[in-house]
Amino acid sequence: MYIANNETAISSRGILNFMPRGIRRYMYNINLDGACEIHMRLGKPLCIHYADGCFYVNHKGNLTALPASAVRVTREHIDEALEIATSASVYSVKEEIKNGFLTIAGGHRIGITGTAVIKEDKVSFIKDISALNYRLAGEVIGAADEVMPMILDGGGIRNTLIISPPGAGKTTMLRDIARQLSYKSYKVSVVDERREVAALCEGRSAFDLGFSTDVLEGADKAEGMLMVLRSMSPDVIVTDEIGKQEDIDAVEKITNSGAAVIATIHGRNVEMIKRRDDLRRMLMFFNLVITLGKRGGIGTVEEALLEW
């Protein structure tokens, strides 16, 4: 088990640079160590989620369990937050917004809800934004200590699927797996479609991913995995949140080529994955399935299976 507030590569206080001034001024004295999310809902109290519960920020700049005394989020707060997060160019990140999130410096993700604009039966944008959820990224050195002996199999690397509900620490663990494999001199390729795992800035990762790790950021997962397979001759390809048919087809090609895959997927346990025909096929290509949860703290390994 790891607790995701033990050690961070980037101070969680850096998130204040992306908060609107009307909110920021109440947060300078707030201890954000261990914070998981900062939730801004239009007309609702400003809320910070920690591993041990939800707290609100009052007008004295203190945490409180009482929502009635908390700072309320206004339309101006949300508009300013978006202007900061997009560098005053919402159109430039239209593709991200239509997927319901923005990724900002440090690998932090801002979840977005509002009114979906539908074109050709697909979401093309989100307007009248009503809530922003700042999900704070963190680095925990040693997060993968418990699972590394399972992943390493007599000098090889097991194809590993990490199943996790949202907020249970799968991306944090994935970073540390990449780091540890890299420092063992395996050639690691990270395919980081949502710019969260590595959080590149001018080509440098915000996190320690080791000395033999290559990162492809922003590319579609399926296409990106096949690109690095052809170009980087990796021992292992690491990626976050697979699940589409194209992802599964790419995993099949990679594992048949002799490279290993370590990936994550949203879910509660392997039984829930097996209920879907397409995902049940995906399980054929993995040798180890690890399930994460929160019952013993964020990042708890609840189950590790070599057979299912």
# chains A, B, ... in the order shown; residues from 1 in each chain; ligands from 1
$ residues_around --residues "region 23-36 of chain A" --least-positions-apart "3" --cutoff "10 Å" --atoms "only C-alpha atoms" --output "JSON, numbers by chain"
{"A": [3, 4, 5, 6, 7, 8, 11, 12, 13, 14, 15, 16, 17, 18, 19, 20, 39, 40, 46, 48, 49, 50, 51, 52, 53, 54, 57, 58, 59, 60, 61, 62, 63, 71, 72, 73, 74, 77, 78, 81, 134, 135, 136, 137, 138, 167, 169, 298]}
$ select_by_dssp --residues "region 19-187 of chain A" --states "alpha helix (DSSP H)" --output "VMD selection string"
chain A and resid 21 to 24 75 to 85 94 to 98 148 to 151 170 to 183
$ residues_around --residues "Met272 (chain A)" --least-positions-apart "6" --cutoff "12 Å" --atoms "only C-alpha atoms" --output "ChimeraX atom specification"
/A:163-165,265-266,279-280,283,291,308
$ write_last_selection --atoms "N, CA and C atoms" --output "CSV table (one decimal), in the first residue's frame"
chain,number,residue,atom,x,y,z
A,163,ILE,N,-6.2,-2.4,-12.7
A,163,ILE,CA,-7.6,-2.1,-12.7
A,163,ILE,C,-7.8,-1.1,-11.5
A,164,SER,N,-8.5,0.0,-11.7
A,164,SER,CA,-8.6,0.9,-10.6
A,164,SER,C,-9.8,1.8,-10.8
A,165,PRO,N,-10.6,2.1,-9.8
A,165,PRO,CA,-11.6,3.1,-9.9
A,165,PRO,C,-11.0,4.5,-9.9
A,265,ILE,N,-6.7,0.5,-16.5
A,265,ILE,CA,-8.1,0.6,-17.0
A,265,ILE,C,-9.0,1.0,-15.8
A,266,HIS,N,-10.0,1.7,-16.1
A,266,HIS,CA,-11.0,2.0,-15.0
A,266,HIS,C,-11.9,0.8,-14.8
A,279,LEU,N,-13.7,-6.4,-23.5
A,279,LEU,CA,-12.7,-6.3,-22.5
A,279,LEU,C,-12.3,-7.7,-22.0
A,280,ARG,N,-13.2,-8.7,-22.1
A,280,ARG,CA,-12.8,-10.0,-21.8
A,280,ARG,C,-11.7,-10.5,-22.7
A,283,LEU,N,-8.2,-9.3,-21.8
A,283,LEU,CA,-7.5,-10.0,-20.7
A,283,LEU,C,-6.6,-11.1,-21.2
A,291,THR,N,-5.5,-5.1,-9.0
A,291,THR,CA,-6.6,-4.2,-8.7
A,291,THR,C,-6.2,-3.3,-7.5
A,308,TRP,N,-7.3,-15.9,-13.9
A,308,TRP,CA,-8.6,-15.4,-13.6
A,308,TRP,C,-9.6,-16.0,-14.5
$ residues_around --residues "Glu302 (chain A)" --least-positions-apart "2" --cutoff "10 Å" --atoms "only C-alpha atoms" --output "compact mmCIF listing (two decimals) with C-alpha atoms, in the first residue's frame"
# COMPACT_ATOMS: atom_id res chain seq x y z
CA MET A 1 0.00 0.00 0.00
CA SER A 164 -8.64 0.93 -10.58
CA ASN A 269 -12.25 -5.61 -10.24
CA ILE A 290 -3.57 -5.89 -10.27
CA THR A 291 -6.60 -4.23 -8.66
CA LEU A 292 -6.22 -0.99 -6.70
CA GLY A 293 -8.61 0.52 -4.19
CA LYS A 294 -8.87 3.08 -1.41
CA ARG A 295 -9.93 1.04 1.61
CA GLY A 296 -6.47 1.06 3.16
CA GLY A 299 -3.07 3.11 -3.81
CA THR A 300 -4.01 0.00 -1.83
CA ALA A 304 -3.06 -9.43 -7.71
$ residues_around --residues "region 228-233 of chain A" --least-positions-apart "3" --cutoff "9 Å" --atoms "only C-alpha atoms" --output "PDB file with N, CA, C and O atoms, in the first residue's frame"
ATOM      1  N   LYS A 187      14.369  -0.724 -21.453  1.00  0.00           N
ATOM      2  CA  LYS A 187      13.956   0.389 -22.317  1.00  0.00           C
ATOM      3  C   LYS A 187      12.438   0.546 -22.205  1.00  0.00           C
ATOM      4  O   LYS A 187      11.684  -0.348 -22.589  1.00  0.00           O
ATOM      5  N   VAL A 188      12.037   1.683 -21.675  1.00  0.00           N
ATOM      6  CA  VAL A 188      10.626   1.945 -21.397  1.00  0.00           C
ATOM      7  C   VAL A 188      10.124   3.037 -22.338  1.00  0.00           C
ATOM      8  O   VAL A 188      10.766   4.074 -22.496  1.00  0.00           O
ATOM      9  N   SER A 189       8.975   2.792 -22.971  1.00  0.00           N
ATOM     10  CA  SER A 189       8.305   3.828 -23.758  1.00  0.00           C
ATOM     11  C   SER A 189       6.959   4.131 -23.111  1.00  0.00           C
ATOM     12  O   SER A 189       6.135   3.235 -22.944  1.00  0.00           O
ATOM     13  N   VAL A 190       6.764   5.388 -22.738  1.00  0.00           N
ATOM     14  CA  VAL A 190       5.502   5.833 -22.145  1.00  0.00           C
ATOM     15  C   VAL A 190       4.681   6.538 -23.222  1.00  0.00           C
ATOM     16  O   VAL A 190       5.154   7.505 -23.829  1.00  0.00           O
ATOM     17  N   VAL A 191       3.491   6.047 -23.469  1.00  0.00           N
ATOM     18  CA  VAL A 191       2.567   6.685 -24.411  1.00  0.00           C
ATOM     19  C   VAL A 191       1.529   7.421 -23.574  1.00  0.00           C
ATOM     20  O   VAL A 191       0.689   6.809 -22.922  1.00  0.00           O
ATOM     21  N   ASP A 214      11.503   6.759 -22.733  1.00  0.00           N
ATOM     22  CA  ASP A 214      11.107   7.675 -23.802  1.00  0.00           C
ATOM     23  C   ASP A 214       9.614   7.954 -23.668  1.00  0.00           C
ATOM     24  O   ASP A 214       8.839   7.062 -23.326  1.00  0.00           O
ATOM     25  N   VAL A 215       9.224   9.189 -23.943  1.00  0.00           N
ATOM     26  CA  VAL A 215       7.824   9.585 -23.782  1.00  0.00           C
ATOM     27  C   VAL A 215       7.272  10.115 -25.095  1.00  0.00           C
ATOM     28  O   VAL A 215       7.875  10.994 -25.723  1.00  0.00           O
ATOM     29  N   LEU A 216       6.140   9.568 -25.511  1.00  0.00           N
ATOM     30  CA  LEU A 216       5.372  10.113 -26.629  1.00  0.00           C
ATOM     31  C   LEU A 216       4.089  10.680 -26.045  1.00  0.00           C
ATOM     32  O   LEU A 216       3.263   9.940 -25.510  1.00  0.00           O
ATOM     33  N   GLU A 223      -2.501   4.351 -31.718  1.00  0.00           N
ATOM     34  CA  GLU A 223      -1.530   4.750 -32.730  1.00  0.00           C
ATOM     35  C   GLU A 223      -0.158   4.985 -32.093  1.00  0.00           C
ATOM     36  O   GLU A 223       0.883   4.579 -32.635  1.00  0.00           O
ATOM     37  N   GLY A 224      -0.150   5.622 -30.948  1.00  0.00           N
ATOM     38  CA  GLY A 224       1.105   5.929 -30.276  1.00  0.00           C
ATOM     39  C   GLY A 224       1.860   4.686 -29.850  1.00  0.00           C
ATOM     40  O   GLY A 224       3.092   4.615 -29.966  1.00  0.00           O
ATOM     41  N   MET A 225       1.150   3.684 -29.345  1.00  0.00           N
ATOM     42  CA  MET A 225       1.817   2.448 -28.918  1.00  0.00           C
ATOM     43  C   MET A 225       2.507   1.761 -30.092  1.00  0.00           C
ATOM     44  O   MET A 225       3.627   1.261 -29.971  1.00  0.00           O
ATOM     45  N   VAL A 236       9.330  -2.507 -22.927  1.00  0.00           N
ATOM     46  CA  VAL A 236       7.982  -2.413 -22.362  1.00  0.00           C
ATOM     47  C   VAL A 236       7.366  -1.074 -22.753  1.00  0.00           C
ATOM     48  O   VAL A 236       8.047  -0.044 -22.803  1.00  0.00           O
ATOM     49  N   ILE A 237       6.075  -1.118 -23.062  1.00  0.00           N
ATOM     50  CA  ILE A 237       5.306   0.082 -23.359  1.00  0.00           C
ATOM     51  C   ILE A 237       4.326   0.306 -22.210  1.00  0.00           C
ATOM     52  O   ILE A 237       3.601  -0.612 -21.806  1.00  0.00           O
ATOM     53  N   ILE A 254       1.443  -5.691 -30.022  1.00  0.00           N
ATOM     54  CA  ILE A 254       2.666  -5.449 -29.257  1.00  0.00           C
ATOM     55  C   ILE A 254       3.100  -6.700 -28.511  1.00  0.00           C
ATOM     56  O   ILE A 254       4.277  -7.092 -28.552  1.00  0.00           O
ATOM     57  N   SER A 257       4.594  -9.175 -30.640  1.00  0.00           N
ATOM     58  CA  SER A 257       5.915  -8.795 -31.155  1.00  0.00           C
ATOM     59  C   SER A 257       7.036  -9.109 -30.176  1.00  0.00           C
ATOM     60  O   SER A 257       8.212  -9.040 -30.534  1.00  0.00           O
ATOM     61  N   ALA A 259       7.413  -7.389 -27.156  1.00  0.00           N
ATOM     62  CA  ALA A 259       7.508  -6.326 -26.151  1.00  0.00           C
ATOM     63  C   ALA A 259       6.413  -6.526 -25.111  1.00  0.00           C
ATOM     64  O   ALA A 259       5.384  -7.140 -25.380  1.00  0.00           O
TER      65      ALA A 259
END
$ residues_around --residues "Val117 (chain A)" --least-positions-apart "3" --cutoff "7 Å" --atoms "only C-alpha atoms" --output "NGL selection string"
:A and (123-127)
$ residues_around --residues "region 198-211 of chain A" --least-positions-apart "6" --cutoff "10 Å" --atoms "only C-alpha atoms" --output "PyMOL selection string"
chain A and resi 8-10+103-108+137-141+171+174-188+190-192+217
$ closest_residue --among "A:Ser69, A:Leu288, A:Met173, A:Tyr56" --to "Asp145 (chain A)" --atoms "only C-alpha atoms"
A:Met173
$ atom_distance --atom1 "CA of Leu42 (chain A)" --atom2 "CA of Lys122 (chain A)"
25.3 Å
$ select_by_dssp --residues "region 39-210 of chain A" --states "strand (DSSP E)" --output "compact mmCIF listing (two decimals) with N, CA and C atoms, in the first residue's frame"
# COMPACT_ATOMS: atom_id res chain seq x y z
N HIS A 39 -12.49 21.34 -5.93
CA HIS A 39 -13.70 21.32 -6.74
C HIS A 39 -14.38 22.68 -6.69
N MET A 40 -14.56 23.29 -7.87
CA MET A 40 -15.28 24.55 -8.00
C MET A 40 -16.58 24.30 -8.75
N ARG A 41 -17.71 24.49 -8.06
CA ARG A 41 -19.03 24.33 -8.67
C ARG A 41 -19.75 25.67 -8.61
N CYS A 47 -14.60 23.48 -2.46
CA CYS A 47 -14.40 22.22 -1.75
C CYS A 47 -13.04 21.62 -2.07
N ILE A 48 -12.35 21.13 -1.04
CA ILE A 48 -11.07 20.44 -1.23
C ILE A 48 -11.20 19.03 -0.69
N HIS A 49 -10.85 18.06 -1.51
CA HIS A 49 -10.93 16.65 -1.11
C HIS A 49 -9.54 16.16 -0.70
N TYR A 50 -9.48 15.60 0.48
CA TYR A 50 -8.27 14.95 0.99
C TYR A 50 -8.56 13.46 1.11
N GLY A 53 -11.23 12.91 3.73
CA GLY A 53 -12.52 13.55 3.69
C GLY A 53 -12.55 14.85 2.90
N CYS A 54 -13.72 15.47 2.90
CA CYS A 54 -13.98 16.68 2.14
C CYS A 54 -14.09 17.87 3.09
N PHE A 55 -13.40 18.97 2.74
CA PHE A 55 -13.44 20.17 3.56
C PHE A 55 -13.70 21.38 2.67
N TYR A 56 -14.17 22.45 3.30
CA TYR A 56 -14.50 23.67 2.59
C TYR A 56 -13.57 24.80 3.03
N VAL A 57 -13.44 25.83 2.20
CA VAL A 57 -12.58 26.97 2.51
C VAL A 57 -13.48 28.14 2.89
N LEU A 63 -9.78 25.88 6.59
CA LEU A 63 -10.62 24.74 6.25
C LEU A 63 -11.72 24.58 7.28
N THR A 64 -12.88 24.19 6.80
CA THR A 64 -14.02 23.97 7.68
C THR A 64 -14.83 22.79 7.17
N PHE A 101 -11.89 17.66 -20.11
CA PHE A 101 -10.79 17.96 -19.20
C PHE A 101 -9.75 18.82 -19.91
N LEU A 102 -8.91 19.46 -19.08
CA LEU A 102 -7.70 20.14 -19.53
C LEU A 102 -6.55 19.61 -18.71
N THR A 103 -5.40 19.39 -19.32
CA THR A 103 -4.21 19.02 -18.58
C THR A 103 -3.30 20.24 -18.53
N ARG A 109 -4.86 17.73 -13.80
CA ARG A 109 -5.97 17.72 -14.77
C ARG A 109 -7.15 18.50 -14.21
N ILE A 110 -7.75 19.34 -15.05
CA ILE A 110 -8.95 20.06 -14.67
C ILE A 110 -10.13 19.42 -15.37
N GLY A 111 -10.99 18.75 -14.62
CA GLY A 111 -12.22 18.19 -15.18
C GLY A 111 -13.24 19.29 -15.40
N ILE A 112 -14.03 19.15 -16.46
CA ILE A 112 -14.96 20.20 -16.87
C ILE A 112 -16.35 19.62 -17.09
N THR A 113 -17.37 20.29 -16.53
CA THR A 113 -18.75 19.94 -16.85
C THR A 113 -19.51 21.21 -17.22
N GLY A 114 -20.57 21.02 -17.97
CA GLY A 114 -21.40 22.13 -18.43
C GLY A 114 -22.41 21.59 -19.43
N THR A 115 -22.67 22.36 -20.47
CA THR A 115 -23.63 21.95 -21.51
C THR A 115 -22.87 21.45 -22.73
N ALA A 116 -23.09 20.21 -23.09
CA ALA A 116 -22.41 19.63 -24.25
C ALA A 116 -23.04 20.14 -25.55
N VAL A 117 -22.17 20.55 -26.48
CA VAL A 117 -22.62 20.93 -27.82
C VAL A 117 -22.44 19.72 -28.73
N ILE A 118 -23.53 19.25 -29.32
CA ILE A 118 -23.51 18.01 -30.10
C ILE A 118 -23.52 18.33 -31.59
N LYS A 119 -22.56 17.74 -32.31
CA LYS A 119 -22.53 17.83 -33.77
C LYS A 119 -22.25 16.44 -34.32
N LYS A 122 -21.85 13.63 -31.85
CA LYS A 122 -20.69 13.61 -30.97
C LYS A 122 -20.55 14.95 -30.27
N VAL A 123 -19.94 14.92 -29.09
CA VAL A 123 -19.67 16.15 -28.37
C VAL A 123 -18.56 16.92 -29.09
N SER A 124 -18.85 18.16 -29.49
CA SER A 124 -17.85 18.97 -30.18
C SER A 124 -17.27 20.06 -29.27
N PHE A 125 -17.94 20.34 -28.16
CA PHE A 125 -17.46 21.37 -27.24
C PHE A 125 -18.33 21.31 -25.98
N ILE A 126 -17.87 21.98 -24.93
CA ILE A 126 -18.67 22.15 -23.71
C ILE A 126 -18.80 23.63 -23.45
N LYS A 127 -20.02 24.14 -23.41
CA LYS A 127 -20.26 25.56 -23.17
C LYS A 127 -20.95 25.75 -21.81
N ASP A 128 -21.13 26.99 -21.43
CA ASP A 128 -21.78 27.31 -20.15
C ASP A 128 -21.21 26.44 -19.03
N ILE A 129 -19.90 26.47 -18.90
CA ILE A 129 -19.21 25.58 -17.96
C ILE A 129 -19.64 25.88 -16.54
N SER A 130 -20.04 24.84 -15.83
CA SER A 130 -20.63 25.00 -14.50
C SER A 130 -19.76 24.46 -13.37
N ALA A 131 -18.72 23.68 -13.70
CA ALA A 131 -17.87 23.14 -12.64
C ALA A 131 -16.49 22.82 -13.18
N LEU A 132 -15.50 23.04 -12.34
CA LEU A 132 -14.11 22.69 -12.63
C LEU A 132 -13.59 21.86 -11.46
N ASN A 133 -12.99 20.73 -11.78
CA ASN A 133 -12.43 19.86 -10.74
C ASN A 133 -10.93 19.71 -10.98
N TYR A 134 -10.14 20.35 -10.13
CA TYR A 134 -8.68 20.28 -10.23
C TYR A 134 -8.21 18.99 -9.57
N ARG A 135 -7.79 18.03 -10.38
CA ARG A 135 -7.27 16.76 -9.87
C ARG A 135 -5.75 16.87 -9.78
N LEU A 152 8.10 -8.27 -12.45
CA LEU A 152 9.35 -8.84 -12.95
C LEU A 152 9.30 -10.35 -12.79
N ASP A 153 9.47 -11.03 -13.89
CA ASP A 153 9.29 -12.47 -13.91
C ASP A 153 10.55 -13.13 -14.46
N GLY A 156 12.30 -11.18 -17.03
CA GLY A 156 11.38 -10.60 -18.01
C GLY A 156 10.36 -9.71 -17.33
N ILE A 157 9.46 -9.18 -18.13
CA ILE A 157 8.41 -8.29 -17.62
C ILE A 157 7.06 -8.88 -17.98
N THR A 160 1.07 -6.48 -17.80
CA THR A 160 0.34 -6.18 -16.56
C THR A 160 -0.78 -5.19 -16.82
N LEU A 161 -1.97 -5.52 -16.32
CA LEU A 161 -3.12 -4.63 -16.38
C LEU A 161 -3.45 -4.20 -14.95
N ILE A 162 -3.55 -2.89 -14.74
CA ILE A 162 -3.90 -2.35 -13.44
C ILE A 162 -5.33 -1.83 -13.51
N ILE A 163 -6.21 -2.44 -12.72
CA ILE A 163 -7.62 -2.06 -12.67
C ILE A 163 -7.81 -1.15 -11.46
N SER A 164 -8.50 -0.03 -11.68
CA SER A 164 -8.64 0.93 -10.58
C SER A 164 -9.85 1.81 -10.81
N VAL A 188 12.04 1.68 -21.68
CA VAL A 188 10.63 1.95 -21.40
C VAL A 188 10.12 3.04 -22.34
N SER A 189 8.98 2.79 -22.97
CA SER A 189 8.31 3.83 -23.76
C SER A 189 6.96 4.13 -23.11
N VAL A 190 6.76 5.39 -22.74
CA VAL A 190 5.50 5.83 -22.14
C VAL A 190 4.68 6.54 -23.22
N VAL A 191 3.49 6.05 -23.47
CA VAL A 191 2.57 6.68 -24.41
C VAL A 191 1.53 7.42 -23.57
N ASP A 192 1.62 8.74 -23.59
CA ASP A 192 0.92 9.59 -22.64
C ASP A 192 -0.10 10.47 -23.36
N LEU A 200 5.14 16.51 -19.65
CA LEU A 200 6.29 17.13 -20.30
C LEU A 200 6.15 18.65 -20.36
N CYS A 201 7.27 19.32 -20.17
CA CYS A 201 7.37 20.75 -20.38
C CYS A 201 8.67 21.01 -21.11
N ARG A 204 10.89 17.94 -21.19
CA ARG A 204 11.35 17.35 -19.93
C ARG A 204 10.14 16.95 -19.09
N SER A 205 10.23 15.77 -18.46
CA SER A 205 9.14 15.32 -17.62
C SER A 205 9.19 16.01 -16.27
$ closest_residue --among "A:Leu226, A:Gly267, A:Ala260, A:Met284" --to "Lys170 (chain A)" --atoms "only C-alpha atoms"
A:Gly267
